[in-house]
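Pasted below: final-v8.cif, mmCIF, C-alpha atoms and all ligand atoms.
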data_structure
#
loop_
_atom_site.label_atom_id
_atom_site.label_comp_id
_atom_site.auth_asym_id
_atom_site.auth_seq_id
_atom_site.Cartn_x
_atom_site.Cartn_y
_atom_site.Cartn_z
CA MET A 771 127.94 108.51 81.98
CA GLU A 772 129.51 110.00 78.86
CA LEU A 773 126.66 109.44 76.36
CA LEU A 774 124.08 110.93 78.74
CA HIS A 775 126.21 114.01 79.44
CA LYS A 776 126.80 114.47 75.70
CA LEU A 777 123.09 114.26 74.85
CA ILE A 778 122.15 116.67 77.65
CA LEU A 779 124.67 119.23 76.37
CA GLU A 780 123.72 118.74 72.72
CA SER A 781 119.94 118.72 72.98
CA GLY A 782 118.81 119.66 76.50
CA THR A 783 117.05 123.02 76.84
CA VAL A 784 116.58 125.03 80.01
CA LEU A 785 113.16 126.29 81.17
CA GLU A 786 112.99 128.95 83.89
CA GLU A 787 116.43 128.11 85.35
CA LYS A 788 114.98 125.13 87.27
CA VAL A 789 113.65 122.73 84.67
CA LEU A 790 115.60 120.89 81.99
CA ARG A 791 113.79 119.67 78.88
CA VAL A 792 115.22 116.49 77.44
CA ASP A 793 112.38 115.64 75.09
CA SER A 794 114.55 114.32 72.27
CA PHE A 795 115.98 111.30 74.15
CA LEU A 796 114.26 110.76 77.53
CA ASN A 797 110.85 112.41 78.07
CA HIS A 798 109.19 112.30 74.66
CA GLY A 799 111.51 110.76 72.11
CA VAL A 800 113.42 107.88 73.73
CA ASP A 801 116.92 106.77 72.75
CA PRO A 802 117.02 102.95 73.12
CA ASN A 803 120.83 102.73 73.10
CA LEU A 804 121.01 105.22 75.93
CA MET A 805 118.29 103.36 77.86
CA MET A 806 120.23 100.11 77.45
CA GLU A 807 123.42 101.73 78.83
CA ILE A 808 121.49 103.30 81.71
CA GLY A 809 119.88 99.98 82.63
CA LYS A 810 123.26 98.23 82.60
CA GLU A 811 124.87 100.89 84.77
CA PHE A 812 122.09 100.81 87.40
CA ALA A 813 122.04 97.00 87.40
CA GLU A 814 125.80 96.90 88.02
CA TYR A 815 125.69 99.50 90.78
CA PHE A 816 122.73 97.91 92.59
CA ALA A 817 123.81 94.27 92.08
CA ASN A 818 124.00 91.87 95.06
CA ARG A 819 121.42 93.69 97.17
CA GLY A 820 118.74 91.04 96.90
CA ILE A 821 116.50 93.30 94.79
CA ASN A 822 113.51 91.32 93.48
CA LYS A 823 111.59 94.13 91.76
CA VAL A 824 112.27 97.43 90.02
CA ILE A 825 109.63 100.12 90.50
CA THR A 826 109.03 103.44 88.74
CA ILE A 827 106.34 106.06 88.16
CA GLU A 828 104.59 106.45 84.81
CA SER A 829 105.52 107.60 82.29
CA SER A 830 109.05 108.94 81.87
CA GLY A 831 110.59 106.51 84.36
CA ILE A 832 109.45 103.47 82.41
CA ALA A 833 112.13 103.38 79.69
CA PRO A 834 115.18 103.49 82.00
CA ALA A 835 113.43 101.28 84.59
CA VAL A 836 112.51 98.48 82.19
CA MET A 837 116.11 98.26 80.98
CA THR A 838 117.33 98.17 84.58
CA ALA A 839 114.87 95.38 85.38
CA TYR A 840 116.02 93.50 82.28
CA HIS A 841 119.67 93.68 83.32
CA LEU A 842 118.88 92.70 86.93
CA GLY A 843 116.67 89.85 85.68
CA VAL A 844 113.67 90.95 87.78
CA PRO A 845 110.18 92.31 86.97
CA LEU A 846 109.20 95.97 86.72
CA LEU A 847 106.22 97.47 88.56
CA VAL A 848 104.91 100.82 87.27
CA PHE A 849 103.19 103.08 89.82
CA LYS A 850 100.25 104.95 88.26
CA LYS A 851 99.45 108.62 88.64
CA GLN A 852 95.70 108.03 88.80
CA THR A 853 93.17 105.27 89.16
CA SER A 854 91.38 103.96 86.12
CA ARG A 855 88.37 101.74 85.49
CA THR A 856 90.70 98.87 84.72
CA LEU A 857 92.35 98.99 88.16
CA LYS A 858 89.88 96.80 90.04
CA ASP A 859 92.10 95.46 92.81
CA SER A 860 92.59 96.80 96.29
CA LEU A 861 94.74 99.91 95.87
CA ILE A 862 97.35 101.77 97.86
CA GLN A 863 97.39 105.52 97.24
CA THR A 864 99.14 108.65 98.41
CA THR A 865 98.99 112.28 97.26
CA VAL A 866 102.13 113.63 95.57
CA HIS A 867 102.84 117.16 94.40
CA SER A 868 104.31 117.33 90.89
CA PHE A 869 107.21 119.78 90.68
CA THR A 870 107.00 120.30 86.91
CA LYS A 871 103.20 120.42 86.55
CA ASP A 872 102.52 122.15 89.89
CA VAL A 873 99.49 119.91 90.58
CA ASP A 874 98.78 117.06 93.01
CA TYR A 875 98.26 113.52 91.77
CA GLN A 876 97.31 110.21 93.35
CA LEU A 877 100.26 107.84 93.25
CA THR A 878 98.53 104.48 92.90
CA VAL A 879 99.52 100.82 92.98
CA SER A 880 97.62 97.58 93.33
CA ARG A 881 98.20 95.55 96.52
CA LYS A 882 98.29 92.52 94.26
CA TYR A 883 101.74 93.44 92.93
CA LEU A 884 103.48 94.71 96.06
CA THR A 885 104.00 92.73 99.28
CA SER A 886 106.02 92.84 102.50
CA GLN A 887 108.41 90.34 100.88
CA ASP A 888 109.47 92.88 98.23
CA ASN A 889 112.92 94.47 98.20
CA VAL A 890 112.73 97.13 95.52
CA LEU A 891 114.92 99.49 93.50
CA PHE A 892 113.21 102.78 92.58
CA ILE A 893 114.23 104.27 89.20
CA ASP A 894 113.14 107.70 87.96
CA ASP A 895 114.08 110.11 85.18
CA PHE A 896 114.63 113.21 87.37
CA LEU A 897 115.20 114.03 91.04
CA ALA A 898 114.24 117.57 92.09
CA THR A 899 112.38 118.17 95.38
CA GLY A 900 112.16 114.46 96.23
CA GLU A 901 108.32 114.56 96.46
CA ALA A 902 107.82 111.69 94.01
CA ALA A 903 110.39 109.47 95.77
CA LEU A 904 108.91 110.24 99.20
CA GLY A 905 105.48 109.31 97.83
CA VAL A 906 106.93 105.96 96.76
CA VAL A 907 108.39 105.52 100.27
CA ARG A 908 104.94 106.15 101.84
CA VAL A 909 103.37 103.52 99.58
CA LEU A 910 106.08 100.98 100.39
CA GLU A 911 105.64 101.64 104.11
CA GLN A 912 101.93 100.80 103.82
CA VAL A 913 102.76 97.25 102.73
CA GLY A 914 106.01 96.86 104.65
CA ALA A 915 108.15 96.52 101.49
CA LYS A 916 111.83 97.50 101.59
CA MET A 917 113.62 99.97 99.27
CA SER A 918 117.28 99.09 98.74
CA GLY A 919 118.22 101.92 96.41
CA VAL A 920 117.20 104.87 94.25
CA GLY A 921 118.54 105.21 90.69
CA ILE A 922 118.11 108.61 89.05
CA VAL A 923 118.94 109.49 85.45
CA VAL A 924 119.24 113.28 85.98
CA GLU A 925 119.60 114.82 89.44
CA LYS A 926 119.50 118.57 90.01
CA THR A 927 121.82 119.07 92.97
CA PHE A 928 120.57 122.63 93.55
CA GLN A 929 117.24 121.14 94.69
CA PRO A 930 116.87 119.22 97.98
CA GLY A 931 115.72 115.73 96.81
CA HIS A 932 119.03 113.89 97.21
CA GLU A 933 119.75 115.35 100.65
CA ILE A 934 116.26 114.48 101.93
CA LEU A 935 116.49 110.88 100.69
CA LYS A 936 120.00 110.56 102.16
CA GLN A 937 118.68 111.74 105.52
CA HIS A 938 116.06 108.96 105.31
CA GLY A 939 118.98 106.52 104.87
CA TYR A 940 118.57 105.76 101.15
CA ASP A 941 121.45 105.20 98.73
CA VAL A 942 120.80 107.50 95.75
CA TYR A 943 122.86 106.89 92.60
CA SER A 944 122.49 109.55 89.87
CA LEU A 945 124.00 109.24 86.39
CA ALA A 946 124.08 112.98 85.63
CA ARG A 947 124.26 115.58 88.40
CA ILE A 948 123.38 119.12 87.42
CA GLN A 949 124.70 121.83 89.68
CA SER A 950 123.09 124.77 87.88
CA LEU A 951 120.82 125.74 84.99
CA ALA A 952 121.54 129.46 85.39
CA ASN A 953 121.82 131.64 82.27
CA ASN A 954 120.24 128.86 80.19
CA ARG A 955 123.40 126.82 80.58
CA VAL A 956 123.82 123.31 81.98
CA THR A 957 126.64 123.05 84.52
CA PHE A 958 127.34 119.53 85.79
CA ALA A 959 128.25 119.10 89.45
CA SER A 960 131.59 117.60 88.45
CA ASP A 961 132.40 120.74 86.39
CA VAL A 962 132.56 123.06 89.39
P1 LIG B 1 110.50 115.66 92.42
O1 LIG B 1 109.31 114.91 92.92
O2 LIG B 1 111.82 115.09 92.86
O3 LIG B 1 110.39 117.14 92.71
O4 LIG B 1 110.44 115.59 90.84
C1 LIG B 1 110.53 114.35 90.19
C2 LIG B 1 109.64 114.28 88.99
O5 LIG B 1 109.38 115.55 88.41
C3 LIG B 1 110.32 113.45 87.92
O6 LIG B 1 109.69 112.21 87.88
C4 LIG B 1 110.11 114.22 86.63
O7 LIG B 1 109.02 113.68 85.95
C5 LIG B 1 109.75 115.61 87.04
N1 LIG B 1 110.88 116.56 86.94
C6 LIG B 1 111.48 117.22 87.96
N2 LIG B 1 112.39 118.08 87.51
C7 LIG B 1 112.39 117.96 86.17
C8 LIG B 1 113.14 118.60 85.12
O8 LIG B 1 114.00 119.48 85.33
N3 LIG B 1 112.86 118.20 83.84
C9 LIG B 1 111.92 117.26 83.55
N4 LIG B 1 111.75 116.95 82.26
N5 LIG B 1 111.19 116.64 84.51
C10 LIG B 1 111.43 116.99 85.80
#

Could you write out this structure as structure tokens?
Amino acid sequence: MELLHKLILESGTVLEEKVLRVDSFLNHGVDPNLMMEIGKEFAEYFANRGINKVITIESSGIAPAVMTAYHLGVPLLVFKKQTSRTLKDSLIQTTVHSFTKDVDYQLTVSRKYLTSQDNVLFIDDFLATGEAALGVVRVLEQVGAKMSGVGIVVEKTFQPGHEILKQHGYDVYSLARIQSLANNRVTFASDV
């Protein structure tokens, strides 16, 4: 996706050769035009798969996921990273290790909003080790829901997430694929 690649090159910054900061348009500031394009692209790619719900993890997945849900004409369900006093329903939880924060969190969703009838599309901002996506898979397995695709805004191909999800049989579609962040420089997979 041209606009995404352009913004990554113009305003992305590299942290420790493994982490890309994209705070100006995806993780802190959010570019609505870009989110609209992303949502359209994912909706086109994952059309005709009987998807009835888009899911994501708070908070950086929400902007691209809500636009995807809008274009598919289905609701969005946001998985939480912790319980709160307002979550009173019966909950499904699993422990996930955060690659960027290097801490564990409790991926949490209410049973009220996820059932065995659901056929979901998982959207996230980044794919690195695949821990977050595998956490989502464990939650879906607990209710018997199906996952028909994974849409990722930025994938780092030098980390194992995509390969692991592929081995589990999932179709992963990434809009930007980064082969390397060495020497503080972004190299896209298609560049090499
Ligand atoms: P994974 O579970 O695949 O290791 O990492 C996925 C999550 O970690 C994403 O939801 C994202 O929040 C965060 N993440 C992983 N790598 C990066 C990165 O390079 N930059 C940013 N901003 N977030 C990342």

Q) Which of these, A:Val909, A:Met806, A:Leu785, A:Val873, has the shortest distance to A:Tyr840 once you count only C-alpha atoms? A)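 With only C-alpha atoms as the atom set, the closest residue is A:Met806.
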
(Q) Tell me which residues come within 12 Å of (107.1, 122.7, 92.3), as a list in words, counting only C-alpha atoms in the file's coordinates. (A)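 Nearby residues: Lys788, Val789, Val866, His867, Ser868, Phe869, Thr870, Lys871, Asp872, Val873, Asp874, Leu897, Ala898, Thr899, Gly900, Glu901, Ala902, Gln929, Pro930 and Gly931 of chain A.
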
Q: One decimal, Å: what's the distance from atom P1 of ligand LIG 1 (chain B) over to atom CA of A:Arg955, could you say?
A: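 Distance reported for this atom pair: 20.8 Å.
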
Q: Between atom CA of A:Val923 and atom CA of A:Ile808, measure the distance and give it in Å to one decimal.
A: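 Atom-to-atom, atom CA of A:Val923 to atom CA of A:Ile808, that is 7.7 Å.
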
Provide an axis-aligned box for all listed atoms of ligand LIG 1 (chain B), padding each side by 6 Å; report its centre and its edge lengths in Å to one decimal, as lines of an AutoDock Vina configuration file.
center_x = 111.5
center_y = 115.8
center_z = 87.6
size_x = 17.0
size_y = 19.3
size_z = 22.7

Q | Gap from atom CA of A:Pro802 to atom CA of A:Val836 - Å, one decimal | A | 11.1 Å

Q) Nearest to A:Thr885: which of A:Ser944, A:Gln937, A:Ile862, A:Leu804 is it, counting only C-alpha atoms? A)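 Of A:Ser944, A:Gln937, A:Ile862, A:Leu804, the one nearest A:Thr885, counting only C-alpha atoms, is A:Ile862.
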
**Q.** Shortest interatomic distance to ligand LIG 1 (chain B) - which of A:Ser886, A:Ser950, A:Gln863, A:Thr853, counting only C-alpha atoms and all ligand atoms
**A.** A:Ser950
